[in-house]
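Student: mmCIF, C-alpha atoms, file coords_38.cif:
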data_entry
loop_
_atom_site.group_PDB
_atom_site.id
_atom_site.type_symbol
_atom_site.label_atom_id
_atom_site.label_comp_id
_atom_site.auth_asym_id
_atom_site.auth_seq_id
_atom_site.Cartn_x
_atom_site.Cartn_y
_atom_site.Cartn_z
ATOM 1 C CA MET A 832 -3.899 -32.308 -52.392
ATOM 2 C CA SER A 833 -2.193 -33.196 -55.676
ATOM 3 C CA SER A 834 0.142 -36.188 -55.778
ATOM 4 C CA LEU A 835 3.130 -33.925 -56.393
ATOM 5 C CA ARG A 836 2.333 -31.597 -53.514
ATOM 6 C CA LEU A 837 1.691 -34.551 -51.224
ATOM 7 C CA LEU A 838 5.012 -36.137 -52.198
ATOM 8 C CA LEU A 839 6.890 -32.879 -51.596
ATOM 9 C CA HIS A 840 5.287 -32.448 -48.187
ATOM 10 C CA THR A 841 6.036 -36.045 -47.160
ATOM 11 C CA CYS A 842 9.680 -35.803 -48.274
ATOM 12 C CA LEU A 843 10.228 -32.589 -46.320
ATOM 13 C CA GLU A 844 8.442 -33.914 -43.263
ATOM 14 C CA LYS A 845 10.455 -37.156 -43.186
ATOM 15 C CA GLN A 846 13.664 -35.569 -44.567
ATOM 16 C CA CYS A 847 13.824 -38.374 -47.124
ATOM 17 C CA CYS A 848 14.345 -38.385 -50.862
ATOM 18 C CA PRO A 849 11.276 -39.138 -52.999
ATOM 19 C CA GLU A 850 12.762 -42.470 -54.091
ATOM 20 C CA GLU A 851 12.583 -43.704 -50.467
ATOM 21 C CA VAL A 852 9.144 -42.217 -49.766
ATOM 22 C CA LEU A 853 7.725 -43.959 -52.841
ATOM 23 C CA GLY A 854 9.462 -47.235 -52.033
ATOM 24 C CA PHE A 855 11.628 -47.279 -55.153
ATOM 25 C CA GLU A 856 14.911 -47.238 -53.210
ATOM 26 C CA ALA A 857 15.606 -47.896 -49.537
ATOM 27 C CA ASN A 858 17.713 -45.726 -47.197
ATOM 28 C CA ARG A 859 17.656 -42.506 -49.187
ATOM 29 C CA PRO A 860 17.639 -39.664 -46.641
ATOM 30 C CA PHE A 861 18.552 -36.156 -47.761
ATOM 31 C CA PRO A 862 22.344 -35.686 -47.932
ATOM 32 C CA PRO A 863 23.801 -34.705 -44.506
ATOM 33 C CA SER A 864 24.908 -31.336 -45.850
ATOM 34 C CA THR A 865 21.392 -30.571 -47.094
ATOM 35 C CA ARG A 866 18.587 -29.628 -44.764
ATOM 36 C CA LEU A 867 15.406 -28.769 -46.614
ATOM 37 C CA VAL A 868 12.611 -27.245 -44.563
ATOM 38 C CA LEU A 869 8.890 -26.899 -45.069
ATOM 39 C CA SER A 870 7.907 -23.599 -46.607
ATOM 40 C CA LYS A 871 4.434 -22.102 -46.728
ATOM 41 C CA GLU A 872 2.378 -24.617 -48.744
ATOM 42 C CA ASN A 873 5.658 -25.834 -50.329
ATOM 43 C CA LYS A 874 5.349 -23.094 -52.964
ATOM 44 C CA TYR A 875 9.104 -22.549 -53.136
ATOM 45 C CA TYR A 876 9.688 -26.187 -54.055
ATOM 46 C CA GLU A 877 6.700 -26.355 -56.419
ATOM 47 C CA GLU A 878 8.036 -23.399 -58.411
ATOM 48 C CA ALA A 879 11.448 -25.057 -58.712
ATOM 49 C CA VAL A 880 9.803 -28.298 -59.859
ATOM 50 C CA ARG A 881 7.947 -26.387 -62.590
ATOM 51 C CA GLU A 882 11.177 -24.682 -63.669
ATOM 52 C CA ARG A 883 12.929 -28.040 -64.082
ATOM 53 C CA PHE A 884 9.948 -29.710 -65.796
ATOM 54 C CA PRO A 885 10.929 -28.693 -69.388
ATOM 55 C CA LYS A 886 14.334 -30.298 -68.896
ATOM 56 C CA LEU A 887 12.653 -33.387 -67.435
ATOM 57 C CA MET A 888 10.446 -33.546 -70.537
ATOM 58 C CA LYS A 889 13.472 -33.395 -72.805
ATOM 59 C CA PHE A 890 15.234 -36.215 -70.948
ATOM 60 C CA TYR A 891 12.136 -38.413 -70.786
ATOM 61 C CA ILE A 892 11.254 -37.955 -74.465
ATOM 62 C CA THR A 893 14.849 -38.831 -75.363
ATOM 63 C CA LEU A 894 14.622 -42.039 -73.334
ATOM 64 C CA ARG A 895 11.069 -43.104 -74.145
ATOM 65 C CA SER A 896 10.372 -41.518 -77.539
ATOM 66 C CA ALA A 897 6.689 -41.435 -78.556
ATOM 67 C CA SER A 898 5.748 -43.537 -75.529
ATOM 68 C CA SER A 899 6.377 -40.541 -73.251
ATOM 69 C CA ALA A 900 3.117 -38.727 -74.023
ATOM 70 C CA ASP A 901 0.843 -40.357 -71.429
ATOM 71 C CA CYS A 902 3.302 -40.064 -68.545
ATOM 72 C CA LEU A 903 4.206 -36.431 -69.214
ATOM 73 C CA ASN A 904 0.560 -35.482 -69.667
ATOM 74 C CA ALA A 905 -0.348 -37.077 -66.321
ATOM 75 C CA LEU A 906 2.516 -35.286 -64.560
ATOM 76 C CA TYR A 907 1.553 -31.963 -66.119
ATOM 77 C CA GLU A 908 -2.104 -32.345 -65.087
ATOM 78 C CA ASP A 909 -1.146 -33.220 -61.525
ATOM 79 C CA MET A 910 1.425 -30.431 -61.310
ATOM 80 C CA HIS A 911 -1.030 -27.780 -62.494
ATOM 81 C CA GLY A 912 -4.005 -29.051 -60.515
ATOM 82 C CA THR A 913 -6.166 -29.972 -63.507
ATOM 83 C CA LYS A 914 -6.841 -33.402 -62.026
ATOM 84 C CA LYS A 915 -8.974 -34.024 -58.965
ATOM 85 C CA ASP A 916 -6.959 -33.383 -55.789
ATOM 86 C CA ARG A 917 -6.030 -36.317 -53.598
ATOM 87 C CA SER A 918 -5.453 -36.586 -49.886
ATOM 88 C CA GLY A 919 -3.631 -39.005 -47.616
ATOM 89 C CA THR A 920 -0.136 -40.437 -47.915
ATOM 90 C CA ALA A 921 1.911 -41.692 -50.827
ATOM 91 C CA ASP A 922 0.218 -44.841 -52.154
ATOM 92 C CA ALA A 923 -0.067 -46.940 -55.302
ATOM 93 C CA GLY A 924 -1.525 -43.979 -57.183
ATOM 94 C CA GLU A 925 1.519 -41.837 -56.507
ATOM 95 C CA LYS A 926 3.851 -44.710 -57.339
ATOM 96 C CA ALA A 927 2.130 -45.262 -60.682
ATOM 97 C CA LEU A 928 2.416 -41.563 -61.489
ATOM 98 C CA PHE A 929 6.132 -41.182 -60.729
ATOM 99 C CA PHE A 930 7.474 -44.680 -61.440
ATOM 100 C CA PRO A 931 7.857 -44.214 -65.237
ATOM 101 C CA VAL A 932 10.244 -41.305 -64.659
ATOM 102 C CA HIS A 933 12.238 -43.306 -62.099
ATOM 103 C CA ASP A 934 12.210 -46.393 -64.322
ATOM 104 C CA ALA A 935 13.609 -44.369 -67.225
ATOM 105 C CA GLY A 936 16.650 -43.582 -65.078
ATOM 106 C CA ILE A 937 15.798 -39.973 -64.209
ATOM 107 C CA SER A 938 16.405 -38.803 -60.643
ATOM 108 C CA LEU A 939 13.255 -37.705 -58.815
ATOM 109 C CA SER A 940 15.514 -36.131 -56.185
ATOM 110 C CA TRP A 941 16.951 -33.886 -58.880
ATOM 111 C CA TRP A 942 13.561 -32.992 -60.338
ATOM 112 C CA LEU A 943 11.831 -32.258 -57.041
ATOM 113 C CA PHE A 944 14.719 -30.779 -55.024
ATOM 114 C CA GLY A 945 17.633 -30.155 -57.394
ATOM 115 C CA LEU A 946 19.764 -32.778 -55.627
ATOM 116 C CA GLY A 947 22.511 -34.473 -57.635
ATOM 117 C CA CYS A 948 22.480 -35.154 -61.359
ATOM 118 C CA PRO A 949 19.413 -35.466 -63.609
ATOM 119 C CA MET A 950 20.264 -39.074 -64.437
ATOM 120 C CA ARG A 951 20.275 -41.474 -61.501
ATOM 121 C CA ILE A 952 21.777 -44.280 -63.611
ATOM 122 C CA PRO A 953 25.513 -43.737 -64.261
ATOM 123 C CA ILE A 954 27.201 -44.450 -67.580
ATOM 124 C CA GLU A 955 28.227 -48.099 -67.694
ATOM 125 C CA THR A 956 31.645 -49.034 -68.980
ATOM 126 C CA GLY A 957 31.370 -52.605 -70.157
ATOM 127 C CA GLU A 958 34.154 -55.037 -70.895
ATOM 128 C CA TRP A 959 34.177 -55.690 -74.620
ATOM 129 C CA SER A 960 36.303 -58.487 -76.009
ATOM 130 C CA ASP A 961 38.476 -57.700 -79.022
ATOM 131 C CA ALA A 962 37.112 -60.865 -80.563
ATOM 132 C CA MET A 963 33.504 -59.629 -80.543
ATOM 133 C CA THR A 964 32.028 -59.541 -84.019
ATOM 134 C CA LEU A 965 29.656 -56.812 -85.155
ATOM 135 C CA ARG A 966 26.791 -59.250 -84.738
ATOM 136 C CA ASP A 967 27.918 -59.849 -81.134
ATOM 137 C CA CYS A 968 27.866 -56.076 -80.582
ATOM 138 C CA MET A 969 24.364 -55.935 -82.028
ATOM 139 C CA SER A 970 23.200 -58.680 -79.669
ATOM 140 C CA ALA A 971 24.632 -56.805 -76.689
ATOM 141 C CA VAL A 972 22.842 -53.556 -77.524
ATOM 142 C CA ARG A 973 19.577 -55.381 -78.277
ATOM 143 C CA TYR A 974 19.721 -57.164 -74.934
ATOM 144 C CA LYS A 975 20.485 -53.938 -73.046
ATOM 145 C CA HIS A 976 17.623 -51.920 -74.537
ATOM 146 C CA GLY A 977 15.113 -54.697 -75.202
ATOM 147 C CA TRP A 978 14.990 -53.788 -78.887
ATOM 148 C CA SER A 979 13.587 -55.809 -81.731
ATOM 149 C CA GLU A 980 15.910 -56.724 -84.572
ATOM 150 C CA MET A 981 14.208 -54.004 -86.650
ATOM 151 C CA GLU A 982 15.221 -51.324 -84.149
ATOM 152 C CA ALA A 983 18.785 -52.589 -83.972
ATOM 153 C CA ARG A 984 18.978 -52.752 -87.767
ATOM 154 C CA TRP A 985 17.890 -49.107 -87.912
ATOM 155 C CA LEU A 986 20.843 -48.207 -85.697
ATOM 156 C CA VAL A 987 23.388 -50.401 -87.490
ATOM 157 C CA THR A 988 22.741 -50.130 -91.212
ATOM 158 C CA GLN A 989 25.337 -52.640 -92.428
ATOM 159 C CA LEU A 990 25.351 -56.185 -91.160
ATOM 160 C CA HIS A 991 26.367 -58.839 -93.630
ATOM 161 C CA SER A 992 29.277 -61.144 -94.286
ATOM 162 C CA THR A 993 31.088 -58.705 -96.594
ATOM 163 C CA THR A 994 31.052 -55.838 -94.096
ATOM 164 C CA LYS A 995 34.678 -54.972 -93.333
ATOM 165 C CA SER A 996 34.670 -51.365 -92.099
ATOM 166 C CA THR A 997 32.874 -51.971 -88.819
ATOM 167 C CA LEU A 998 34.671 -49.375 -86.693
ATOM 168 C CA VAL A 999 31.856 -46.788 -86.678
ATOM 169 C CA HIS A 1000 29.188 -49.414 -86.001
ATOM 170 C CA ARG A 1001 31.220 -50.982 -83.169
ATOM 171 C CA VAL A 1002 31.612 -47.568 -81.517
ATOM 172 C CA ILE A 1003 27.886 -46.814 -81.967
ATOM 173 C CA THR A 1004 26.884 -50.060 -80.281
ATOM 174 C CA ARG A 1005 29.396 -49.571 -77.450
ATOM 175 C CA VAL A 1006 28.108 -46.059 -76.737
ATOM 176 C CA MET A 1007 24.462 -47.159 -76.856
ATOM 177 C CA THR A 1008 25.117 -50.148 -74.589
ATOM 178 C CA SER A 1009 26.626 -47.777 -72.008
ATOM 179 C CA LEU A 1010 23.451 -45.676 -71.831
ATOM 180 C CA PRO A 1011 20.210 -46.317 -69.926
ATOM 181 C CA ARG A 1012 17.452 -48.183 -71.764
ATOM 182 C CA ILE A 1013 16.301 -46.017 -74.655
ATOM 183 C CA ARG A 1014 13.233 -46.694 -76.783
ATOM 184 C CA LEU A 1015 13.779 -45.795 -80.428
ATOM 185 C CA PHE A 1016 10.435 -46.914 -81.824
ATOM 186 C CA PRO A 1017 7.016 -46.180 -80.299
ATOM 187 C CA GLU A 1018 5.407 -48.791 -78.095
ATOM 188 C CA MET A 1019 2.641 -50.583 -79.969
ATOM 189 C CA PRO A 1020 -0.891 -49.970 -78.640
ATOM 190 C CA SER A 1021 -3.254 -52.815 -77.820
ATOM 191 C CA VAL A 1022 -5.190 -53.655 -80.980
ATOM 192 C CA LEU A 1023 -8.217 -54.575 -78.858
ATOM 193 C CA ASP A 1024 -8.064 -51.179 -77.128
ATOM 194 C CA VAL A 1025 -8.073 -49.474 -80.519
ATOM 195 C CA TYR A 1026 -10.965 -51.708 -81.607
ATOM 196 C CA ALA A 1027 -12.904 -50.562 -78.533
ATOM 197 C CA ARG A 1028 -12.018 -46.978 -79.391
ATOM 198 C CA LEU A 1029 -13.452 -47.497 -82.879
ATOM 199 C CA GLU A 1030 -16.646 -48.853 -81.308
ATOM 200 C CA THR A 1031 -16.977 -45.737 -79.168
ATOM 201 C CA ALA A 1032 -16.277 -43.501 -82.159
ATOM 202 C CA VAL A 1033 -18.996 -45.246 -84.183
ATOM 203 C CA THR A 1034 -21.502 -45.128 -81.313
ATOM 204 C CA ASP A 1035 -20.929 -41.406 -80.679
ATOM 205 C CA PHE A 1036 -20.595 -40.405 -84.324
ATOM 206 C CA ASN A 1037 -22.647 -37.348 -85.323
ATOM 207 C CA PHE A 1038 -23.619 -37.203 -88.970
ATOM 208 C CA PRO A 1039 -22.001 -34.087 -90.490
ATOM 209 C CA ASP A 1040 -24.002 -31.631 -92.575
ATOM 210 C CA HIS A 1041 -24.436 -32.807 -96.167
ATOM 211 C CA CYS A 1042 -23.242 -36.283 -95.185
ATOM 212 C CA GLU A 1043 -22.780 -38.376 -98.309
ATOM 213 C CA PRO A 1044 -25.220 -41.296 -98.703
ATOM 214 C CA TRP A 1045 -22.507 -43.950 -98.556
ATOM 215 C CA MET A 1046 -21.213 -42.608 -95.220
ATOM 216 C CA THR A 1047 -24.708 -42.390 -93.743
ATOM 217 C CA GLU A 1048 -25.490 -45.974 -94.758
ATOM 218 C CA THR A 1049 -22.113 -47.208 -93.563
ATOM 219 C CA ILE A 1050 -22.519 -45.668 -90.108
ATOM 220 C CA ILE A 1051 -26.084 -46.999 -89.821
ATOM 221 C CA LEU A 1052 -24.828 -50.508 -90.621
ATOM 222 C CA LEU A 1053 -21.977 -50.198 -88.115
ATOM 223 C CA LYS A 1054 -24.225 -48.861 -85.357
ATOM 224 C CA ALA A 1055 -26.756 -51.661 -85.930
ATOM 225 C CA SER A 1056 -24.162 -54.452 -86.040
ATOM 226 C CA LYS A 1057 -21.100 -53.526 -84.013
ATOM 227 C CA TRP A 1058 -19.298 -56.708 -84.985
ATOM 228 C CA ARG A 1059 -18.914 -55.230 -88.494
ATOM 229 C CA ILE A 1060 -16.381 -52.760 -87.067
ATOM 230 C CA CYS A 1061 -13.794 -55.464 -87.759
ATOM 231 C CA VAL A 1062 -13.881 -54.176 -91.352
ATOM 232 C CA LEU A 1063 -12.391 -50.872 -90.189
ATOM 233 C CA LEU A 1064 -9.349 -52.804 -88.950
ATOM 234 C CA LEU A 1065 -9.218 -54.683 -92.276
ATOM 235 C CA VAL A 1066 -9.782 -58.095 -90.655
ATOM 236 C CA ARG A 1067 -12.603 -60.620 -90.355
ATOM 237 C CA GLN A 1068 -14.692 -61.062 -87.223
ATOM 238 C CA GLY A 1069 -12.925 -64.367 -86.598
ATOM 239 C CA SER A 1070 -9.648 -62.530 -86.064
ATOM 240 C CA VAL A 1071 -11.198 -60.274 -83.417
ATOM 241 C CA SER A 1072 -12.704 -63.331 -81.689
ATOM 242 C CA HIS A 1073 -9.301 -64.998 -81.601
ATOM 243 C CA TRP A 1074 -7.780 -61.870 -80.033
ATOM 244 C CA HIS A 1075 -10.521 -61.829 -77.402
ATOM 245 C CA VAL A 1076 -11.100 -65.494 -76.608
ATOM 246 C CA VAL A 1077 -7.953 -67.375 -77.617
ATOM 247 C CA LYS A 1078 -5.682 -64.448 -76.702
ATOM 248 C CA GLN A 1079 -3.989 -64.791 -80.065
ATOM 249 C CA GLN A 1080 -1.395 -62.112 -80.722
ATOM 250 C CA PRO A 1081 -2.469 -59.790 -83.565
ATOM 251 C CA ARG A 1082 -0.205 -59.673 -86.579
ATOM 252 C CA LEU A 1083 2.364 -56.920 -86.840
ATOM 253 C CA LYS A 1084 0.444 -55.213 -89.647
ATOM 254 C CA SER A 1085 -2.639 -54.968 -87.398
ATOM 255 C CA GLU A 1086 -0.517 -53.453 -84.629
ATOM 256 C CA ARG A 1087 0.907 -50.904 -87.056
ATOM 257 C CA LEU A 1088 -2.583 -49.948 -88.253
ATOM 258 C CA ALA A 1089 -3.680 -49.624 -84.612
ATOM 259 C CA LEU A 1090 -0.741 -47.278 -84.039
ATOM 260 C CA ALA A 1091 -1.716 -45.144 -87.048
ATOM 261 C CA LEU A 1092 -5.325 -44.929 -85.801
ATOM 262 C CA THR A 1093 -4.118 -44.000 -82.308
ATOM 263 C CA TYR A 1094 -2.163 -41.094 -83.781
ATOM 264 C CA LEU A 1095 -5.174 -40.072 -85.880
ATOM 265 C CA PHE A 1096 -7.630 -40.087 -82.966
ATOM 266 C CA ASP A 1097 -5.196 -38.501 -80.518
ATOM 267 C CA LEU A 1098 -4.465 -35.626 -82.885
ATOM 268 C CA TYR A 1099 -7.926 -34.986 -84.338
ATOM 269 C CA GLY A 1100 -10.378 -36.663 -81.971
ATOM 270 C CA GLU A 1101 -12.759 -39.551 -82.626
ATOM 271 C CA GLN A 1102 -15.385 -37.548 -84.565
ATOM 272 C CA ASP A 1103 -13.129 -35.855 -87.124
ATOM 273 C CA GLY A 1104 -10.688 -38.759 -87.102
ATOM 274 C CA LEU A 1105 -13.373 -41.338 -87.902
ATOM 275 C CA GLU A 1106 -14.914 -39.124 -90.594
ATOM 276 C CA TYR A 1107 -11.528 -38.807 -92.299
ATOM 277 C CA TYR A 1108 -10.768 -42.519 -91.880
ATOM 278 C CA LEU A 1109 -14.099 -43.568 -93.399
ATOM 279 C CA THR A 1110 -13.513 -41.224 -96.327
ATOM 280 C CA MET A 1111 -10.049 -42.648 -96.882
ATOM 281 C CA LEU A 1112 -11.354 -46.248 -96.623
ATOM 282 C CA ASN A 1113 -14.120 -45.407 -99.089
ATOM 283 C CA ASP A 1114 -11.538 -44.229 -101.620
ATOM 284 C CA GLU A 1115 -9.543 -47.408 -101.047
ATOM 285 C CA ALA A 1116 -12.672 -49.585 -101.361
ATOM 286 C CA ILE A 1117 -13.393 -48.072 -104.766
ATOM 287 C CA ALA A 1118 -9.775 -48.639 -105.774
ATOM 288 C CA GLN A 1119 -10.177 -52.305 -104.749
ATOM 289 C CA GLY A 1120 -13.222 -52.737 -107.003
ATOM 290 C CA PHE A 1121 -16.128 -52.062 -104.616
ATOM 291 C CA SER A 1122 -18.849 -49.523 -105.320
ATOM 292 C CA SER A 1123 -18.201 -47.889 -101.912
ATOM 293 C CA LEU A 1124 -17.178 -48.654 -98.338
ATOM 294 C CA THR A 1125 -20.817 -49.549 -97.653
ATOM 295 C CA ASP A 1126 -20.344 -52.577 -99.888
ATOM 296 C CA VAL A 1127 -17.410 -53.727 -97.793
ATOM 297 C CA VAL A 1128 -19.231 -53.218 -94.487
ATOM 298 C CA ARG A 1129 -22.373 -54.953 -95.726
ATOM 299 C CA GLY A 1130 -20.386 -58.043 -96.726
ATOM 300 C CA ALA A 1131 -18.048 -57.707 -93.740
ATOM 301 C CA SER A 1132 -15.119 -58.549 -95.985
ATOM 302 C CA TRP A 1133 -12.523 -56.806 -98.113
ATOM 303 C CA LYS A 1134 -12.707 -59.627 -100.668
ATOM 304 C CA VAL A 1135 -14.434 -58.325 -103.769
ATOM 305 C CA SER A 1136 -16.097 -61.721 -104.313
ATOM 306 C CA ASN A 1137 -18.048 -61.187 -101.067
ATOM 307 C CA ARG A 1138 -19.326 -57.700 -101.842
ATOM 308 C CA THR A 1139 -22.913 -58.802 -102.483
ATOM 309 C CA LYS A 1140 -23.321 -60.567 -99.114
ATOM 310 C CA SER A 1141 -25.736 -58.971 -96.644
ATOM 311 C CA GLU A 1142 -25.620 -61.135 -93.538
ATOM 312 C CA ASP A 1143 -26.552 -59.400 -90.286
ATOM 313 C CA SER A 1144 -24.541 -61.726 -88.040
ATOM 314 C CA PRO A 1145 -20.987 -63.043 -88.153
ATOM 315 C CA LYS A 1146 -20.323 -66.519 -89.444
#
Just give me the structure of the file as C-alpha cells.

Tutor:
Amino acid sequence: MSSLRLLLHTCLEKQCCPEEVLGFEANRPFPPSTRLVLSKENKYYEEAVRERFPKLMKFYITLRSASSADCLNALYEDMHGTKKDRSGTADAGEKALFFPVHDAGISLSWWLFGLGCPMRIPIETGEWSDAMTLRDCMSAVRYKHGWSEMEARWLVTQLHSTTKSTLVHRVITRVMTSLPRIRLFPEMPSVLDVYARLETAVTDFNFPDHCEPWMTETIILLKASKWRICVLLLVRQGSVSHWHVVKQQPRLKSERLALALTYLFDLYGEQDGLEYYLTMLNDEAIAQGFSSLTDVVRGASWKVSNRTKSEDSPK
C-alpha cells in the first residue's frame, strides 16, 4: 500500500485529519459538520487528491523555489504507485514524505480532503514601529525567512545612507514578513555529495565513439586515481580532505559550482553531463595555458607551473 493510500485509509478509519495521524498537530479530528466515510479502496479520495495536486505543486514551488523538486517528485511517485508499495501504519517514512509540505505551511487536510484553506498558516499582521529604519525592516524579513543578506538585498535593491524614498521597500518588507517562510534562492547541495556523484560518473563513464585522445587519457587517469577528481571541482586534494576529516565548510564558490553540476547532472544525466563538463573544462584548461585537461589532471592542479607533475598519489 502506498504511503498516500495508507494515510487516507488511516484518516478515514480514525476520523482524524492527516496532521494528527502523522503527529504534526495534536487534537485534529474532522470538523463536526464533516463526516467522511471509507469508499471502495479510497478511490474517490485518491482522485480528488490527484485533482488538487497541480495546485499543491504551484503553492509548494512558490514557497520553496528550486528546492521543491525532490519533495514533489517523491509525492508524485508515491501517488502514482511508481515506488514500491508499503504496508502497516503511518511511521517515520510517511512523516518524512509529507512533512516538507506541512512545514512549508500547506494544509494536508485541504490537499487530501478539501477541508479548509490551502494554507494552514494565516497571514501575520505584525506591529511595526514608525521609528523602524529600512535596515530594521530588512533585519525583520531576514529573520522571518532565514535569508542570507544576499537574498534580502535582491528583494530590497536600495539600502544606503542616502536612500530617502523608502516607502516601496518598507511595504515590500512588511508584506514579505507577513507571509510564511519563502525560499527565494535554491538550497545549496552538499559539495561532498556532488564530489561522490562525480566519482560515480567517472567510474561508470562509457567512452563515446570517436572519443578524443585527451578525454580518453583523462578518464583513464581519473579511474586509476580517484583522488584526482578534486581537479573537476577546481580544488586541491587537501581541500577535499579538510571537508571530509576536519568538517571544514567549503567556500561559497565551491558550493555554487556544486549547484551548477547538480543542475547539469539532473537535467542531462551523469554520462552526457560529464562528457560535456570535461569538454568545457578542456577548453578552459587550454585558455589557462595548459595543453589539455589531461595536463591538469596529471598534475592535479590548475596552476600552470605544476602542469608537468605526474605524481600518482596526493601530497

Student: Taking the file as I've supplied it (selection: the PyMOL selection byres ((chain A and resi 1085) around 12)), which residues are included? Please answer as a list in words.

Tutor: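 Applied to this file, the PyMOL selection byres ((chain A and resi 1085) around 12) selects Met1019, Pro1020, Ser1021, Val1022, Leu1023, Val1025, Tyr1026, Cys1061, Val1062, Leu1063, Leu1064, Leu1065, Val1066, Arg1067, Ser1070, Val1071, Trp1074, Gln1080, Pro1081, Arg1082, Leu1083, Lys1084, Glu1086, Arg1087, Leu1088, Ala1089, Leu1090, Ala1091 and Leu1092 of chain A.
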
Student: Show me a table, sorted first by chain and then by increasing residue number, of the residues of stretch 988-1107 of chain A having an atom at most 12 Å from stretch 969-975 of chain A, each with its shortest atom pair and the distance in Å to one decimal, counting all atoms listed in the file and written as a Markdown table.

Tutor:
| residue | atom | partner | partner_atom | distance |
| --- | --- | --- | --- | --- |
| A:Thr988 | CA | A:Met969 | CA | 11.0 |
| A:Gln989 | CA | A:Met969 | CA | 11.0 |
| A:Leu990 | CA | A:Met969 | CA | 9.2 |
| A:Thr997 | CA | A:Met969 | CA | 11.6 |
| A:His1000 | CA | A:Met969 | CA | 9.0 |
| A:Arg1001 | CA | A:Met969 | CA | 8.5 |
| A:Val1002 | CA | A:Met969 | CA | 11.1 |
| A:Ile1003 | CA | A:Val972 | CA | 9.5 |
| A:Thr1004 | CA | A:Val972 | CA | 6.0 |
| A:Arg1005 | CA | A:Val972 | CA | 7.7 |
| A:Val1006 | CA | A:Val972 | CA | 9.2 |
| A:Met1007 | CA | A:Val972 | CA | 6.6 |
| A:Thr1008 | CA | A:Val972 | CA | 5.0 |
| A:Ser1009 | CA | A:Lys975 | CA | 8.8 |
| A:Leu1010 | CA | A:Lys975 | CA | 8.9 |
| A:Pro1011 | CA | A:Lys975 | CA | 8.2 |
| A:Arg1012 | CA | A:Lys975 | CA | 6.6 |
| A:Ile1013 | CA | A:Lys975 | CA | 9.1 |
| A:Arg1014 | CA | A:Arg973 | CA | 10.9 |
| A:Leu1015 | CA | A:Arg973 | CA | 11.4 |

Student: Let's have the selection written as a CSV table (one decimal), in the frame of the given file, with C-alpha atoms.

Tutor:
chain,number,residue,atom,x,y,z
A,988,THR,CA,22.7,-50.1,-91.2
A,989,GLN,CA,25.3,-52.6,-92.4
A,990,LEU,CA,25.4,-56.2,-91.2
A,997,THR,CA,32.9,-52.0,-88.8
A,1000,HIS,CA,29.2,-49.4,-86.0
A,1001,ARG,CA,31.2,-51.0,-83.2
A,1002,VAL,CA,31.6,-47.6,-81.5
A,1003,ILE,CA,27.9,-46.8,-82.0
A,1004,THR,CA,26.9,-50.1,-80.3
A,1005,ARG,CA,29.4,-49.6,-77.4
A,1006,VAL,CA,28.1,-46.1,-76.7
A,1007,MET,CA,24.5,-47.2,-76.9
A,1008,THR,CA,25.1,-50.1,-74.6
A,1009,SER,CA,26.6,-47.8,-72.0
A,1010,LEU,CA,23.5,-45.7,-71.8
A,1011,PRO,CA,20.2,-46.3,-69.9
A,1012,ARG,CA,17.5,-48.2,-71.8
A,1013,ILE,CA,16.3,-46.0,-74.7
A,1014,ARG,CA,13.2,-46.7,-76.8
A,1015,LEU,CA,13.8,-45.8,-80.4

Student: What do you get, as an mmCIF file with C-alpha atoms, in the frame of the given file, if you spell out every residue that the PyMOL selection byres ((chain A and resi 1034-1046) around 8) selects here?

Tutor:
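File selection_19.cif, as written:
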data_model
loop_
_atom_site.group_PDB
_atom_site.id
_atom_site.type_symbol
_atom_site.label_atom_id
_atom_site.label_comp_id
_atom_site.auth_asym_id
_atom_site.auth_seq_id
_atom_site.Cartn_x
_atom_site.Cartn_y
_atom_site.Cartn_z
ATOM 1 C CA GLU A 1030 -16.646 -48.853 -81.308
ATOM 2 C CA THR A 1031 -16.977 -45.737 -79.168
ATOM 3 C CA ALA A 1032 -16.277 -43.501 -82.159
ATOM 4 C CA VAL A 1033 -18.996 -45.246 -84.183
ATOM 5 C CA THR A 1047 -24.708 -42.390 -93.743
ATOM 6 C CA GLU A 1048 -25.490 -45.974 -94.758
ATOM 7 C CA THR A 1049 -22.113 -47.208 -93.563
ATOM 8 C CA ILE A 1050 -22.519 -45.668 -90.108
ATOM 9 C CA LYS A 1054 -24.225 -48.861 -85.357
ATOM 10 C CA GLN A 1102 -15.385 -37.548 -84.565
ATOM 11 C CA LEU A 1109 -14.099 -43.568 -93.399
ATOM 12 C CA THR A 1110 -13.513 -41.224 -96.327
ATOM 13 C CA SER A 1123 -18.201 -47.889 -101.912
ATOM 14 C CA LEU A 1124 -17.178 -48.654 -98.338
ATOM 15 C CA THR A 1125 -20.817 -49.549 -97.653
#

Student: Just give me the gap between atom CA of A:Leu928 and atom CA of A:Ser833 in Å, one decimal is fine.

Tutor: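 Computed distance, atom CA of A:Leu928 to atom CA of A:Ser833, equals 11.2 Å.
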
Student: If the PyMOL selection byres ((chain A and resi 838-842) around 12) were run on this exact file, what residues would it hold? Put them as a PyMOL selection string.

Tutor: chain A and resi 832-837+843-854+859-861+866-880+909-910+917-922+924-926+928-929+939-940+942-944
